[in-house]
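A short write-up of the structure that comes next.
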Amino acid sequence: MSEPVALVQAALRTHQGRVRRNNQDYVAAREPAGPEEAAQNGWLYILADGAGGMDAGEIASQFATERVLQYYFSTDEPDWGQRLQDALLAANADLRALGARHNGGSRMATTLVATVVHGQEVDIANVGDSRAYHFRRGVLRQVTRDQSLVAKLVEDGAITPAEAAVHPRRNVLLYSIGSDRAPRVDLYKLPLEADDLLLLCSDGLTRHVTNEEIGQLLGRLADPAGAAEALIELANERGGQDNISVVLLRYTPERVPGKVVAVAKQVASTPAGARGGLWFYTALLSLVQTVLIFLVWYSLRF
């Protein structure tokens, strides 16, 4: 039998929103072409939310994402989490250098959350306040912790979650790709079950749609593409004050294509009672046949 391999149904969507004049979010995916690539690199998805004046945020999110992809695929590091962390830190150094060279030394920064699905697990790396969620059997759980000022204040008990939602400095990040010499990369590992959903999103979604509402919508809409579109539409209906990006993944484990898979076949069987009845009628017919043969023989003889 073949070894199981994870397959992923993915929907990647990004929208400018209704207020911003450009889209500083960026989403990307690299999916394996076959079992060997799956075993070596898994299924990789990235979401970044850029920050900076003019088009600096737009450049930062795309540049950092492309660098993460480059570094991730240039190594065969067996620890998936370490591999993601190394790629994010390398992208951070490159983005800092880019800002120093081409942006007059001005800040070019981005959040970045990356996830790689491999086997029956997922590894997630996060810098900033874009989020990763896990949805299983009707229950939504936020996996990542926001690296923001208000999240730290809530954690310390200085303000409540309700106060954080309207805090004037709710957009202040503690760490980001490009603005820190060595940002903190938070790593998470989760086991996966069939039909689990993984959601990556920028804060353009979560500033308008609550975790409870996200969970309810994912419970109603099984199709990743339809659910991703519905989430963005809901955020826009409520103002769309920021760029909105969603990466929605459904984990659908199957067998490796091209290999023989043993399939159990159900063989029809005859119940014991029926077998007894068949034996009786078979014996009776044999007896009748014997009697007829004897009678024919007797009549021919006399």
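Following the order of the structure tokens, chains are lettered A, B, ..., residues in each are numbered from 1, and ligands are numbered from 1.
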Distance table requested - range 10-108 of chain A against range 120-127 of chain A, cut-off 9 Å, only C-alpha atoms: one row per qualifying residue with the closest atom pair and its distance in Å to one decimal, ordered by chain and rising residue number, as CSV.
```
residue,atom,partner,partner_atom,distance
A:Trp80,CA,A:Asp123,CA,6.6
A:Gly81,CA,A:Asp123,CA,5.8
A:Leu84,CA,A:Ala125,CA,6.3
A:Gln85,CA,A:Ala125,CA,6.5
A:Leu88,CA,A:Ala125,CA,8.2
```
Residues as selected, C-alpha atoms, written as a PDB file, in the first residue's frame, can you do that?
```pdb
ATOM      1  CA  TRP A  80      10.017  22.334   9.107  1.00  0.00           C
ATOM      2  CA  GLY A  81       9.580  25.018  11.748  1.00  0.00           C
ATOM      3  CA  LEU A  84      10.342  28.582   8.059  1.00  0.00           C
ATOM      4  CA  GLN A  85      12.047  30.595  10.780  1.00  0.00           C
ATOM      5  CA  LEU A  88      11.651  34.674   7.554  1.00  0.00           C
TER       6      LEU A  88
END
```
Problem set entry | Selection near Gln16 in chain A, 9 Å with only C-alpha atoms, sequence-local residues under 5 positions removed, as a PyMOL selection string | chain A and resi 21-25+240+242-245
Grab the residues selected above and save them as a PDB file, in the first residue's frame with C-alpha atoms.
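Writing done, so here's part-v3.pdb:
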```pdb
ATOM      1  CA  ARG A  21      -6.086  53.570  -2.615  1.00  0.00           C
ATOM      2  CA  ASN A  22      -3.803  50.581  -3.141  1.00  0.00           C
ATOM      3  CA  ASN A  23      -3.414  47.044  -1.858  1.00  0.00           C
ATOM      4  CA  GLN A  24      -0.401  46.487   0.378  1.00  0.00           C
ATOM      5  CA  ASP A  25      -1.331  42.875   1.130  1.00  0.00           C
ATOM      6  CA  GLY A 240     -13.632  47.715   4.266  1.00  0.00           C
ATOM      7  CA  ASP A 242      -8.180  48.258   5.175  1.00  0.00           C
ATOM      8  CA  ASN A 243      -6.907  45.803   2.603  1.00  0.00           C
ATOM      9  CA  ILE A 244      -8.454  42.368   3.183  1.00  0.00           C
ATOM     10  CA  SER A 245      -6.653  39.106   2.475  1.00  0.00           C
TER      11      SER A 245
END
```
Problem set entry | Nearest candidate to Leu218 in chain A (options A:Arg136, A:Leu200, A:Pro168, A:Gln241; using only C-alpha atoms) |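 Using only C-alpha atoms, Leu218 in chain A sits closest to A:Arg136.
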Would you please give, as a CSV table (one decimal) with N, CA and C atoms, in the first residue's frame, all residues of range 25-203 of chain A that DSSP assigns to strand (DSSP E or B) based on the backbone?
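Output file selection32.csv follows:
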```csv
chain,number,residue,atom,x,y,z
A,25,ASP,N,-1.4,44.3,0.8
A,25,ASP,CA,-1.3,42.9,1.1
A,25,ASP,C,-0.8,42.1,0.0
A,26,TYR,N,-0.3,40.9,0.3
A,26,TYR,CA,0.3,40.0,-0.8
A,26,TYR,C,0.1,38.6,-0.3
A,27,VAL,N,-0.4,37.7,-1.2
A,27,VAL,CA,-0.6,36.3,-0.8
A,27,VAL,C,0.1,35.4,-1.9
A,28,ALA,N,0.6,34.3,-1.5
A,28,ALA,CA,1.3,33.4,-2.5
A,28,ALA,C,1.2,32.0,-2.0
A,29,ALA,N,1.4,31.0,-2.9
A,29,ALA,CA,1.4,29.6,-2.6
A,29,ALA,C,2.4,28.9,-3.5
A,30,ARG,N,3.0,27.8,-3.0
A,30,ARG,CA,3.8,26.9,-3.8
A,30,ARG,C,3.4,25.5,-3.4
A,43,TRP,N,3.2,21.7,1.3
A,43,TRP,CA,2.4,22.7,0.7
A,43,TRP,C,2.6,24.0,1.4
A,44,LEU,N,3.2,25.0,0.7
A,44,LEU,CA,3.6,26.3,1.4
A,44,LEU,C,2.6,27.4,1.0
A,45,TYR,N,2.1,28.2,2.0
A,45,TYR,CA,1.3,29.3,1.8
A,45,TYR,C,1.7,30.5,2.6
A,46,ILE,N,1.7,31.7,2.0
A,46,ILE,CA,2.2,32.9,2.7
A,46,ILE,C,1.2,34.0,2.6
A,47,LEU,N,1.0,34.8,3.6
A,47,LEU,CA,0.2,36.0,3.6
A,47,LEU,C,1.0,37.1,4.3
A,48,ALA,N,1.1,38.3,3.6
A,48,ALA,CA,1.8,39.4,4.2
A,48,ALA,C,1.0,40.7,4.1
A,49,ASP,N,1.1,41.6,5.1
A,49,ASP,CA,0.4,42.8,5.1
A,49,ASP,C,1.5,43.9,5.3
A,50,GLY,N,1.7,44.7,4.2
A,50,GLY,CA,2.8,45.7,4.2
A,50,GLY,C,2.4,46.9,4.9
A,51,ALA,N,3.5,47.6,5.4
A,51,ALA,CA,3.3,48.9,6.1
A,51,ALA,C,4.4,49.9,5.5
A,109,ALA,N,8.3,47.7,5.9
A,109,ALA,CA,8.0,46.6,6.8
A,109,ALA,C,6.7,45.9,6.4
A,110,THR,N,6.6,44.7,6.9
A,110,THR,CA,5.4,43.9,6.6
A,110,THR,C,5.2,42.9,7.7
A,111,THR,N,3.9,42.5,8.0
A,111,THR,CA,3.7,41.3,8.7
A,111,THR,C,3.9,40.2,7.8
A,112,LEU,N,4.0,39.0,8.3
A,112,LEU,CA,4.1,37.8,7.5
A,112,LEU,C,3.7,36.6,8.3
A,113,VAL,N,2.8,35.8,7.8
A,113,VAL,CA,2.4,34.5,8.4
A,113,VAL,C,2.5,33.5,7.3
A,114,ALA,N,3.3,32.4,7.5
A,114,ALA,CA,3.5,31.4,6.6
A,114,ALA,C,3.2,30.0,7.2
A,115,THR,N,2.6,29.1,6.4
A,115,THR,CA,2.2,27.8,6.8
A,115,THR,C,2.6,26.8,5.8
A,116,VAL,N,3.1,25.7,6.3
A,116,VAL,CA,3.5,24.5,5.4
A,116,VAL,C,2.8,23.3,6.0
A,117,VAL,N,2.0,22.7,5.1
A,117,VAL,CA,1.3,21.4,5.4
A,117,VAL,C,2.2,20.3,4.9
A,118,HIS,N,2.4,19.3,5.7
A,118,HIS,CA,3.3,18.1,5.4
A,118,HIS,C,2.8,16.9,6.1
A,121,GLU,N,0.6,17.0,9.5
A,121,GLU,CA,0.8,18.1,10.4
A,121,GLU,C,0.9,19.4,9.6
A,122,VAL,N,0.9,20.5,10.3
A,122,VAL,CA,1.1,21.8,9.7
A,122,VAL,C,2.0,22.6,10.7
A,123,ASP,N,3.0,23.3,10.1
A,123,ASP,CA,3.9,24.2,10.8
A,123,ASP,C,3.5,25.6,10.4
A,124,ILE,N,3.5,26.5,11.3
A,124,ILE,CA,3.1,27.9,11.1
A,124,ILE,C,4.2,28.8,11.7
A,125,ALA,N,4.6,29.8,10.9
A,125,ALA,CA,5.5,30.8,11.4
A,125,ALA,C,4.9,32.2,11.3
A,126,ASN,N,5.0,33.1,12.3
A,126,ASN,CA,4.3,34.3,12.3
A,126,ASN,C,5.2,35.5,12.8
A,127,VAL,N,5.1,36.6,12.1
A,127,VAL,CA,5.7,37.9,12.6
A,127,VAL,C,4.6,38.9,12.4
A,131,ARG,N,-3.0,36.8,11.1
A,131,ARG,CA,-3.3,35.7,12.0
A,131,ARG,C,-3.5,34.3,11.2
A,132,ALA,N,-3.3,33.3,12.0
A,132,ALA,CA,-3.7,31.9,11.5
A,132,ALA,C,-4.7,31.3,12.5
A,133,TYR,N,-5.7,30.7,11.9
A,133,TYR,CA,-6.8,30.0,12.7
A,133,TYR,C,-6.9,28.6,12.2
A,134,HIS,N,-7.4,27.7,13.2
A,134,HIS,CA,-7.6,26.3,12.9
A,134,HIS,C,-9.1,26.0,13.2
A,135,PHE,N,-9.8,25.4,12.2
A,135,PHE,CA,-11.2,25.1,12.4
A,135,PHE,C,-11.4,23.6,12.2
A,136,ARG,N,-12.1,23.0,13.3
A,136,ARG,CA,-12.3,21.6,13.2
A,136,ARG,C,-13.7,21.3,13.9
A,139,VAL,N,-15.6,24.2,15.5
A,139,VAL,CA,-14.9,25.0,16.5
A,139,VAL,C,-13.7,25.7,15.9
A,140,LEU,N,-13.7,27.0,16.0
A,140,LEU,CA,-12.6,27.9,15.5
A,140,LEU,C,-11.7,28.2,16.6
A,141,ARG,N,-10.4,28.1,16.4
A,141,ARG,CA,-9.3,28.4,17.4
A,141,ARG,C,-8.3,29.3,16.7
A,142,GLN,N,-8.0,30.5,17.4
A,142,GLN,CA,-6.9,31.3,16.9
A,142,GLN,C,-5.6,30.7,17.3
A,148,SER,N,1.5,42.7,18.8
A,148,SER,CA,1.1,44.1,18.7
A,148,SER,C,1.0,44.7,20.1
A,173,LEU,N,2.8,47.7,15.9
A,173,LEU,CA,3.3,46.4,16.0
A,173,LEU,C,4.6,46.3,16.8
A,177,ILE,N,8.6,42.2,9.8
A,177,ILE,CA,9.7,41.9,8.9
A,177,ILE,C,10.1,43.2,8.2
A,186,ASP,N,7.4,33.6,15.9
A,186,ASP,CA,6.6,32.6,16.6
A,186,ASP,C,6.3,31.4,15.8
A,187,LEU,N,6.6,30.2,16.3
A,187,LEU,CA,6.4,29.0,15.6
A,187,LEU,C,5.3,28.1,16.3
A,188,TYR,N,4.5,27.5,15.5
A,188,TYR,CA,3.4,26.7,16.0
A,188,TYR,C,3.3,25.4,15.1
A,189,LYS,N,3.0,24.3,15.8
A,189,LYS,CA,2.8,23.0,15.1
A,189,LYS,C,1.5,22.4,15.5
A,190,LEU,N,0.7,21.9,14.5
A,190,LEU,CA,-0.6,21.3,14.8
A,190,LEU,C,-0.7,20.0,14.1
A,191,PRO,N,-1.3,19.0,14.7
A,191,PRO,CA,-1.7,17.8,14.0
A,191,PRO,C,-3.0,18.1,13.2
A,197,LEU,N,-9.8,22.9,8.5
A,197,LEU,CA,-9.6,24.2,7.8
A,197,LEU,C,-8.5,25.0,8.5
A,198,LEU,N,-7.7,25.6,7.7
A,198,LEU,CA,-6.7,26.5,8.1
A,198,LEU,C,-6.9,27.9,7.5
A,199,LEU,N,-7.0,28.9,8.3
A,199,LEU,CA,-7.3,30.2,7.7
A,199,LEU,C,-6.1,31.2,8.1
A,200,LEU,N,-5.5,31.8,7.1
A,200,LEU,CA,-4.6,32.9,7.3
A,200,LEU,C,-5.3,34.2,6.8
A,201,CYS,N,-5.1,35.3,7.6
A,201,CYS,CA,-5.8,36.5,7.2
A,201,CYS,C,-5.1,37.7,7.7
```
Exercise. Which one of A:Gln40, A:Thr75, A:Thr14, A:Ser61 sits closest to Ser176 in chain A if you count only C-alpha atoms?
Worked result: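 Result for the nearest residue to Ser176 in chain A: A:Ser61.
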For this session: Within 8 Å of Leu205 in chain A, counting only C-alpha atoms, which residues show up once you throw out same-chain ones fewer than 2 positions away? Write them as a ChimeraX atom specification, please.
Result: /A:201-203,207-209,231-232,235,244-246
For this session: For CA of Gln147 in chain A and CA of Ile59 in chain A, determine how far apart the two atoms are, in Å to one decimal place.
Result: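 Taking CA of Gln147 in chain A as the start and CA of Ile59 in chain A as the end point, the length is 21.5 Å.
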Problem set entry | Shell around Ala194 in chain A at 12 Å using only C-alpha atoms, local window under 6 positions removed, as a ChimeraX atom specification | /A:4-9,119-121,135-137,249-254
Could you turn the residues from that selection into a file that holds N, CA and C atoms, as a compact mmCIF listing (two decimals), in the first residue's frame?
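Okay, this is what ended up in result.txt:
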```txt
# COMPACT_ATOMS: atom_id res chain seq x y z
N PRO A 4 0.30 7.56 3.01
CA PRO A 4 -0.62 8.68 2.87
C PRO A 4 0.13 10.00 2.66
N VAL A 5 -0.43 10.87 1.87
CA VAL A 5 0.15 12.19 1.63
C VAL A 5 -0.96 13.21 1.73
N ALA A 6 -0.64 14.37 2.29
CA ALA A 6 -1.66 15.40 2.46
C ALA A 6 -1.91 16.11 1.15
N LEU A 7 -3.16 16.28 0.81
CA LEU A 7 -3.55 17.13 -0.29
C LEU A 7 -4.33 18.30 0.30
N VAL A 8 -4.22 19.44 -0.33
CA VAL A 8 -4.82 20.66 0.20
C VAL A 8 -5.68 21.32 -0.86
N GLN A 9 -6.91 21.62 -0.52
CA GLN A 9 -7.76 22.48 -1.34
C GLN A 9 -7.57 23.90 -0.84
N GLY A 119 2.62 15.83 5.44
CA GLY A 119 2.14 14.63 6.11
C GLY A 119 0.80 14.89 6.79
N GLN A 120 0.77 14.68 8.06
CA GLN A 120 -0.46 14.90 8.83
C GLN A 120 -0.29 16.04 9.84
N GLU A 121 0.57 16.99 9.50
CA GLU A 121 0.84 18.12 10.39
C GLU A 121 0.91 19.42 9.59
N PHE A 135 -9.79 25.40 12.23
CA PHE A 135 -11.23 25.11 12.37
C PHE A 135 -11.43 23.61 12.23
N ARG A 136 -12.06 23.01 13.26
CA ARG A 136 -12.33 21.57 13.25
C ARG A 136 -13.68 21.29 13.89
N ARG A 137 -14.54 20.61 13.13
CA ARG A 137 -15.85 20.17 13.62
C ARG A 137 -16.61 21.28 14.33
N LEU A 249 -7.51 27.02 3.63
CA LEU A 249 -7.03 25.71 3.23
C LEU A 249 -7.90 24.63 3.85
N ARG A 250 -8.27 23.63 3.04
CA ARG A 250 -8.93 22.45 3.57
C ARG A 250 -7.98 21.26 3.42
N TYR A 251 -7.75 20.56 4.52
CA TYR A 251 -6.87 19.41 4.52
C TYR A 251 -7.66 18.17 4.09
N THR A 252 -7.25 17.56 2.98
CA THR A 252 -7.97 16.42 2.43
C THR A 252 -6.99 15.28 2.16
N PRO A 253 -6.64 14.47 3.16
CA PRO A 253 -5.64 13.42 2.97
C PRO A 253 -6.12 12.36 2.00
N GLU A 254 -5.24 12.00 1.07
CA GLU A 254 -5.49 10.94 0.10
C GLU A 254 -4.22 10.13 -0.08
```
For this session: Write out as a PyMOL selection string the residues lying within 9 Å of range 91-96 of chain A, counting only C-alpha atoms and excluding same-chain residues fewer than 5 positions away.
Result: chain A and resi 60+63-68+70-71+86+101+105+107-109+176-183
Residues from the last selection, C-alpha atoms, saved as a short mmCIF file (atom, residue, chain, number, x, y, z; two decimals), in the first residue's frame:
```
data_model
loop_
_atom_site.label_atom_id
_atom_site.label_comp_id
_atom_site.auth_asym_id
_atom_site.auth_seq_id
_atom_site.Cartn_x
_atom_site.Cartn_y
_atom_site.Cartn_z
CA ALA A 60 7.63 45.26 1.25
CA PHE A 63 9.48 41.44 -1.69
CA ALA A 64 9.47 39.68 1.69
CA THR A 65 7.14 36.95 0.42
CA GLU A 66 9.34 36.27 -2.60
CA ARG A 67 12.43 36.13 -0.40
CA VAL A 68 10.78 33.67 1.98
CA GLN A 70 13.50 31.70 -2.27
CA TYR A 71 15.15 30.80 1.03
CA ASP A 86 15.32 30.75 8.86
CA ARG A 101 19.28 51.34 -0.50
CA GLY A 105 16.48 54.81 4.78
CA ARG A 107 10.93 52.11 7.10
CA MET A 108 9.75 49.32 4.83
CA ALA A 109 8.00 46.62 6.80
CA SER A 176 7.59 43.05 11.79
CA ILE A 177 9.66 41.86 8.86
CA GLY A 178 11.97 44.66 7.75
CA SER A 179 11.87 46.96 10.75
CA ASP A 180 13.80 44.89 13.28
CA ARG A 181 17.31 43.54 13.14
CA ALA A 182 16.05 40.25 14.58
CA PRO A 183 12.24 40.04 14.85
#
```
Problem set entry | Backbone DSSP call of alpha helix (DSSP H) for range 25-195 of chain A, listed as a ChimeraX atom specification | /A:35-41,56-72,80-102,149-155,161-165
